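> Have a look at this one before I ask anything.
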Amino acid sequence: MDQLWEILAVVVVALLAGVAGVVGLVRGRSRKAPKVPPKTEQTPIERPVAKKTQYKPSSGMRIDTSKTAEPAPVKKQARKPENATQAPTATDTADVAEPTEPAEAAPATGETVDEDRPLTEAEATQTNPFDVEADEEAASSTAAETRELEKPESARGRMVRLRERLSRSNTALGKGLLGLLSGGTLDDEAWEDVEDTLLRADLGVEATTEIVGNLKKRISVHGATDEETVSQWLHEELLAQVGPDMDRRIAASRVGDRPAVVLVVGVNGTGKTTTVGKLARVLVAEDKDVILGAADTFRAAAADQLETWGGRVGVPTVRSDKEGADPAAVAFDAVKAGQEGECDVVLIDTAGRLHNKVGLMDELTKVKRVVEKRSPIDEVLLVLDATTGQNGMRQAEVFGQAVDVTGVVLTKLDGTAKGGIVVNVQRALGVPVKLVGLGEGPDDLAPFDPEAYVNAVLD
Ligand SMILES: Nc1nc2c(ncn2[C@@H]2O[C@H](COP(=O)(O)OP(=O)(O)OP(=O)(O)O)[C@@H](O)[C@H]2O)c(=O)[nH]1
């Protein structure tokens with residue numbers, strides 16, 4: 001019995017020891033494994049960041065703040081043809097007194113024109129898409145209160161001022177030639193130098209060869225090489241190359257009972273939009289009623305730029321607010337507005353840059369065809385940058401093939417000694433240089449005057 005109690009006591013003690021051991025083990029574990037991880041250096045938490053938009057407003061971009069929740073006040077249309085049945089185009093939706101039938105065929109500004117269909121009767125007589133009178137009324141009560149219109153310089157005055165600028169950039173040509181020609185004996189080397197000087201001034205090979213040939217002949221016949229005589233001969237030869245008898249008038253007066261239509265073309269950056277703006281000023285100075293068409297819908301800011309030019313001298317601009325709108329439709333609407341507003345001249349700015357050259361030429365020919373459904377085009381002015389040399393000559397040829405260029409505007413002649421391009425481009429295209437750009441100022445565009453030009457170059 002005593003033995004049995006001893007065995008029982010040993011078992012109980014062993015059990016108690018086991019339980020105590022298990023409890024100790026559990027406690028120990030829980031101390032060793034903390035629930036919160038030890039604070040090490042914290043890794044930054046990556047949050048998905050909203051991707052920033054790449055939108056950057058261009059410097060010429062205009063934010064239209066005129067849109068309100070209220071319907072726009074309805075303006076009375078000033079001159080509405082009695083038989084007008086078409087809805088107004090996009091340019092004049094705020095100008096309509098009462099709703100009209102929706103247009104079926106009218107090319108709203110910015111909408112694509114199906115140029116292959118003939119004009120409907122309604123289209124030919126449709127409502128004025130750009131109400132010049134209403135616009136003038138509005139302008140006089142708002143803009144004119146705060147801003148006075150500028151008075152552009154007359155064409156006569158600017159020629160005198162700009163002659164000096166042309167002379168400054170081209171003196172090297174005149175001085176160089178005179179120096180060479182009146183320097184005594186003219187051997188082959190000296191004649192080569194004369195040729196090089198003329199070629200460097202971008203006169204082109206043909207004109208250079210002719211000038212040199214004629215001068216050689218004169219010198220051998222008369223034997224004179226004094227500066228005064230040579231200067232006179234050079235003047236005559238250059239003038240003959242420039243073509244003093246070419247018709248350099250701009251078609252900017254009404255033709256019968258319609259305005260003249262002028263299309264302005266050229267590659268981007270040559271100064272097209274600027275030229276349209278400057279030309280509008282020249283014409284305003286001559287008391288012409290001008291309207292502008294912003295058919296450069298490829299570059300968003302071009303229409304704003306043109307509108308600003310026009311606004312400064314009180315000339316309205318027909319434009320589309322849709323980027324990439326159909327330029328032919330805008331041009332068509334501008335001509336229609338010019339006709340209905342009884343303007344003297346419609347000036348249409350076109351795009352100079354497209355995805356490729358073929359696209360640009362196709363677009364231009366389309367603009368031309370669509371405009372011609374409404375009115376003949378009286379003038380196609382090609383704007384060329386005088387500083388681009390042979391590149392400009394190639395552009396002239398490409399444009400010449402696509403549209404019937406009737407005149408050239410040579411811009412940036414103030415910044416180049418390559419005044420000879422006047423001769424070169426006239427030969428290549430067979431049309432006269434009609435205007436020259438001689439600076440960035442608003443009145444730095446002048447009619448091209450061959451005599452003044454040659455004087456400036458040889459002064
Ligand atoms: N020095 C000088 N700069 C000129 C003359 N004509 C234009 N420019 C400048 O040339 C730049 C381009 O003129 P734009 O009228 O915008 O050229 P654009 O051909 O309409 O160009 P896109 O609209 O891009 O097709 C502007 O900075 C003008 O001020 C000029 O006769 N002399």
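Labels used: A, B, ... for chains in the order of the structure tokens, numbers from 1 for residues in each chain, and numbers from 1 for ligands as shown.
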Considering only C-alpha atoms and all ligand atoms, tabulate each residue of chain A that lies at most 6 Å from ligand 1 along with its nearest interatomic pair and the corresponding distance in Å to one decimal; arrange the rows by chain and ascending residue number and present them as a Markdown table.

```
| residue | atom | partner | partner_atom_place_in_ligand_line | distance |
| --- | --- | --- | --- | --- |
| A:Val267 | CA | ligand 1 | 25 (O) | 5.9 |
| A:Asn268 | CA | ligand 1 | 25 (O) | 3.1 |
| A:Gly269 | CA | ligand 1 | 21 (O) | 3.6 |
| A:Thr270 | CA | ligand 1 | 19 (O) | 4.1 |
| A:Gly271 | CA | ligand 1 | 17 (O) | 3.3 |
| A:Lys272 | CA | ligand 1 | 19 (O) | 3.7 |
| A:Thr273 | CA | ligand 1 | 20 (O) | 3.7 |
| A:Thr274 | CA | ligand 1 | 15 (O) | 3.6 |
| A:Ala302 | CA | ligand 1 | 23 (O) | 5.4 |
| A:Ala351 | CA | ligand 1 | 25 (O) | 5.3 |
| A:Gly352 | CA | ligand 1 | 25 (O) | 4.0 |
| A:Arg353 | CA | ligand 1 | 25 (O) | 5.9 |
| A:Thr411 | CA | ligand 1 | 31 (O) | 4.0 |
| A:Lys412 | CA | ligand 1 | 32 (N) | 3.4 |
| A:Asp414 | CA | ligand 1 | 32 (N) | 5.9 |
| A:Gly415 | CA | ligand 1 | 1 (N) | 5.9 |
| A:Gly437 | CA | ligand 1 | 31 (O) | 3.2 |
| A:Leu438 | CA | ligand 1 | 31 (O) | 4.2 |
| A:Gly439 | CA | ligand 1 | 32 (N) | 3.5 |
| A:Glu440 | CA | ligand 1 | 3 (N) | 4.5 |
```
> Env of Val284 (chain A): 8 Å cut, atoms = only C-alpha atoms, seq-sep filter 6 positions within chain, self excluded. Answer as a list in words.
Pro152, Val290 and Val313 of chain A
> Using Å and a single decimal, report how far CA of Leu384 (chain A) sits from CA of Arg258 (chain A).
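For CA of Arg258 (chain A) relative to CA of Leu384 (chain A), the distance reads 28.7 Å.
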> Would you mind writing down, as a PyMOL selection string, each residue of region 354-394 of chain A that DSSP on the backbone assigns to alpha helix (DSSP H)?
chain A and resi 357-374+390-394
> What gap, in Å, lies between CA of Asp378 (chain A) and CA of Gly341 (chain A)?
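Between CA of Asp378 (chain A) and CA of Gly341 (chain A) the gap works out to 18.1 Å.
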> I'd like the neighbourhood of Arg254 (chain A) as a list in words, where a residue qualifies if any of its atoms comes within 10 Å (using only C-alpha atoms), though same-chain residues fewer than 2 positions away should be ignored.
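The neighbour list is Ala251, Ala252, Gly256, Asp257, Arg258, Pro259, Ala260, Val261, Lys288, Asp289, Gln339, Glu342, Cys343, Asp344, Val345 and Val346 of chain A.
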> Need the shell around Glu363 (chain A): protein/DNA/RNA residues with any atom at most 9 Å away, counting only C-alpha atoms. Skip same-chain ones fewer than 3 positions apart. Format as a PyMOL selection string?
chain A and resi 327-328+351+354+358-360+366-368
> Go through A:Asp443, A:Asp247, A:Asp226, A:Glu237 and flag the residue nearest Val282 (chain A), using only C-alpha atoms for the distances.
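Nearest candidate to Val282 (chain A) out of A:Asp443, A:Asp247, A:Asp226, A:Glu237: A:Asp443.
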> Would you mind reading off the distance between CA of Lys418 (chain A) and CA of Asp202 (chain A), one decimal, in Å?
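Separation between CA of Lys418 (chain A) and CA of Asp202 (chain A): 5.4 Å.
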> List the neighbours of Ala396 (chain A) out to 8 Å using only C-alpha atoms; skip same-chain residues closer than 5 positions along the sequence, and give me the result as an MDAnalysis selection string.
chainID A and resid 382 384 425 428:429
> Taking the DSSP secondary structure from the backbone, can you list the residues of region 196-409 of chain A that are strand (DSSP E or B), as a PyMOL selection string?
chain A and resi 255+258+260-265+290-295+317-318+326+345-350+379-385+407-409
> Keeping N, CA and C atoms, export the residues of the selection given above as a compact mmCIF listing (two decimals), in the first residue's frame.

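Written file, result.txt:
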```txt
# COMPACT_ATOMS: atom_id res chain seq x y z
N VAL A 255 -14.93 93.70 -108.70
CA VAL A 255 -15.00 93.33 -110.11
C VAL A 255 -16.49 93.26 -110.45
N ARG A 258 -19.11 92.25 -107.60
CA ARG A 258 -18.61 91.32 -106.57
C ARG A 258 -17.23 91.76 -106.08
N ALA A 260 -13.25 91.37 -105.15
CA ALA A 260 -12.12 90.61 -105.66
C ALA A 260 -11.77 89.55 -104.63
N VAL A 261 -11.29 88.40 -105.10
CA VAL A 261 -10.91 87.32 -104.18
C VAL A 261 -9.42 87.06 -104.33
N VAL A 262 -8.71 87.13 -103.21
CA VAL A 262 -7.26 86.92 -103.21
C VAL A 262 -6.93 85.73 -102.31
N LEU A 263 -6.28 84.74 -102.88
CA LEU A 263 -5.87 83.55 -102.12
C LEU A 263 -4.38 83.70 -101.83
N VAL A 264 -4.01 83.50 -100.56
CA VAL A 264 -2.59 83.64 -100.20
C VAL A 264 -2.04 82.27 -99.81
N VAL A 265 -1.02 81.81 -100.56
CA VAL A 265 -0.48 80.46 -100.33
C VAL A 265 1.03 80.52 -100.06
N VAL A 290 -12.36 95.46 -96.53
CA VAL A 290 -11.66 94.17 -96.61
C VAL A 290 -12.33 93.16 -95.67
N ILE A 291 -12.32 91.91 -96.07
CA ILE A 291 -12.75 90.84 -95.16
C ILE A 291 -11.70 89.72 -95.24
N LEU A 292 -11.40 89.10 -94.11
CA LEU A 292 -10.37 88.06 -94.09
C LEU A 292 -11.01 86.68 -93.91
N GLY A 293 -10.40 85.67 -94.53
CA GLY A 293 -10.85 84.29 -94.36
C GLY A 293 -9.71 83.48 -93.76
N ALA A 294 -9.94 82.89 -92.59
CA ALA A 294 -8.87 82.14 -91.91
C ALA A 294 -8.95 80.67 -92.31
N ALA A 295 -8.48 80.36 -93.52
CA ALA A 295 -8.56 78.98 -94.00
C ALA A 295 -7.31 78.17 -93.63
N THR A 317 -12.97 88.93 -89.60
CA THR A 317 -12.37 87.66 -90.04
C THR A 317 -13.42 86.56 -89.99
N VAL A 318 -13.56 85.82 -91.07
CA VAL A 318 -14.42 84.62 -91.07
C VAL A 318 -13.53 83.46 -90.69
N ASP A 326 -12.72 72.08 -92.18
CA ASP A 326 -12.43 72.04 -93.62
C ASP A 326 -12.07 73.45 -94.12
N VAL A 345 -12.74 93.48 -101.25
CA VAL A 345 -11.80 92.37 -101.43
C VAL A 345 -11.88 91.36 -100.28
N VAL A 346 -11.74 90.09 -100.65
CA VAL A 346 -11.69 89.01 -99.66
C VAL A 346 -10.28 88.44 -99.70
N LEU A 347 -9.60 88.47 -98.55
CA LEU A 347 -8.23 87.92 -98.48
C LEU A 347 -8.29 86.59 -97.73
N ILE A 348 -7.83 85.53 -98.37
CA ILE A 348 -7.92 84.21 -97.73
C ILE A 348 -6.53 83.68 -97.40
N ASP A 349 -6.32 83.44 -96.10
CA ASP A 349 -5.06 82.84 -95.63
C ASP A 349 -5.22 81.32 -95.68
N THR A 350 -4.20 80.61 -96.15
CA THR A 350 -4.31 79.15 -96.22
C THR A 350 -3.21 78.50 -95.40
N GLU A 379 -6.73 86.61 -107.70
CA GLU A 379 -5.28 86.71 -107.42
C GLU A 379 -4.88 85.53 -106.54
N VAL A 380 -3.79 84.87 -106.92
CA VAL A 380 -3.20 83.86 -106.02
C VAL A 380 -1.79 84.33 -105.72
N LEU A 381 -1.58 84.77 -104.49
CA LEU A 381 -0.27 85.30 -104.11
C LEU A 381 0.54 84.22 -103.41
N LEU A 382 1.72 83.95 -103.94
CA LEU A 382 2.61 82.98 -103.30
C LEU A 382 3.59 83.74 -102.41
N VAL A 383 3.61 83.37 -101.13
CA VAL A 383 4.53 84.03 -100.20
C VAL A 383 5.80 83.20 -100.10
N LEU A 384 6.93 83.83 -100.37
CA LEU A 384 8.23 83.15 -100.29
C LEU A 384 9.15 83.91 -99.35
N ASP A 385 9.91 83.15 -98.57
CA ASP A 385 10.87 83.74 -97.66
C ASP A 385 12.19 83.95 -98.43
N GLY A 407 1.06 86.13 -108.58
CA GLY A 407 2.01 87.11 -108.06
C GLY A 407 2.75 86.54 -106.87
N VAL A 408 3.92 87.11 -106.60
CA VAL A 408 4.76 86.62 -105.49
C VAL A 408 4.91 87.73 -104.45
N VAL A 409 4.90 87.31 -103.19
CA VAL A 409 5.25 88.23 -102.10
C VAL A 409 6.56 87.72 -101.53
```
> Closest to Thr209 (chain A) among A:Gln426, A:Ser320, A:Thr197, A:Thr387, using only C-alpha atoms?
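Checking each candidate against Thr209 (chain A), we get A:Thr197 as the closest.
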> Using only C-alpha atoms, pick whichever of A:Ser182, A:Gly243, A:Lys217, A:Glu397 has the shortest atom-to-atom distance to Val230 (chain A).
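Using only C-alpha atoms, the shortest distance to Val230 (chain A) belongs to A:Ser182.
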> Pick from A:Glu150, A:Asp245, A:Asp444, A:Glu189: nearest to Val315 (chain A), with only C-alpha atoms counted?
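Of all the options, A:Glu150 lies closest to Val315 (chain A).
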> Taking only C-alpha atoms into account, which of A:Val221, A:Leu239, A:Ala325, A:Leu215 comes nearest Glu451 (chain A)?
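Between A:Val221, A:Leu239, A:Ala325, A:Leu215, the residue approaching Glu451 (chain A) most closely is A:Leu239.
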> Pick the closest to Val433 (chain A) from A:Glu195, A:Glu206, A:Asp449, A:Glu236: which is it, counting only C-alpha atoms?
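Comparing A:Glu195, A:Glu206, A:Asp449, A:Glu236 against Val433 (chain A), the winner is A:Asp449.
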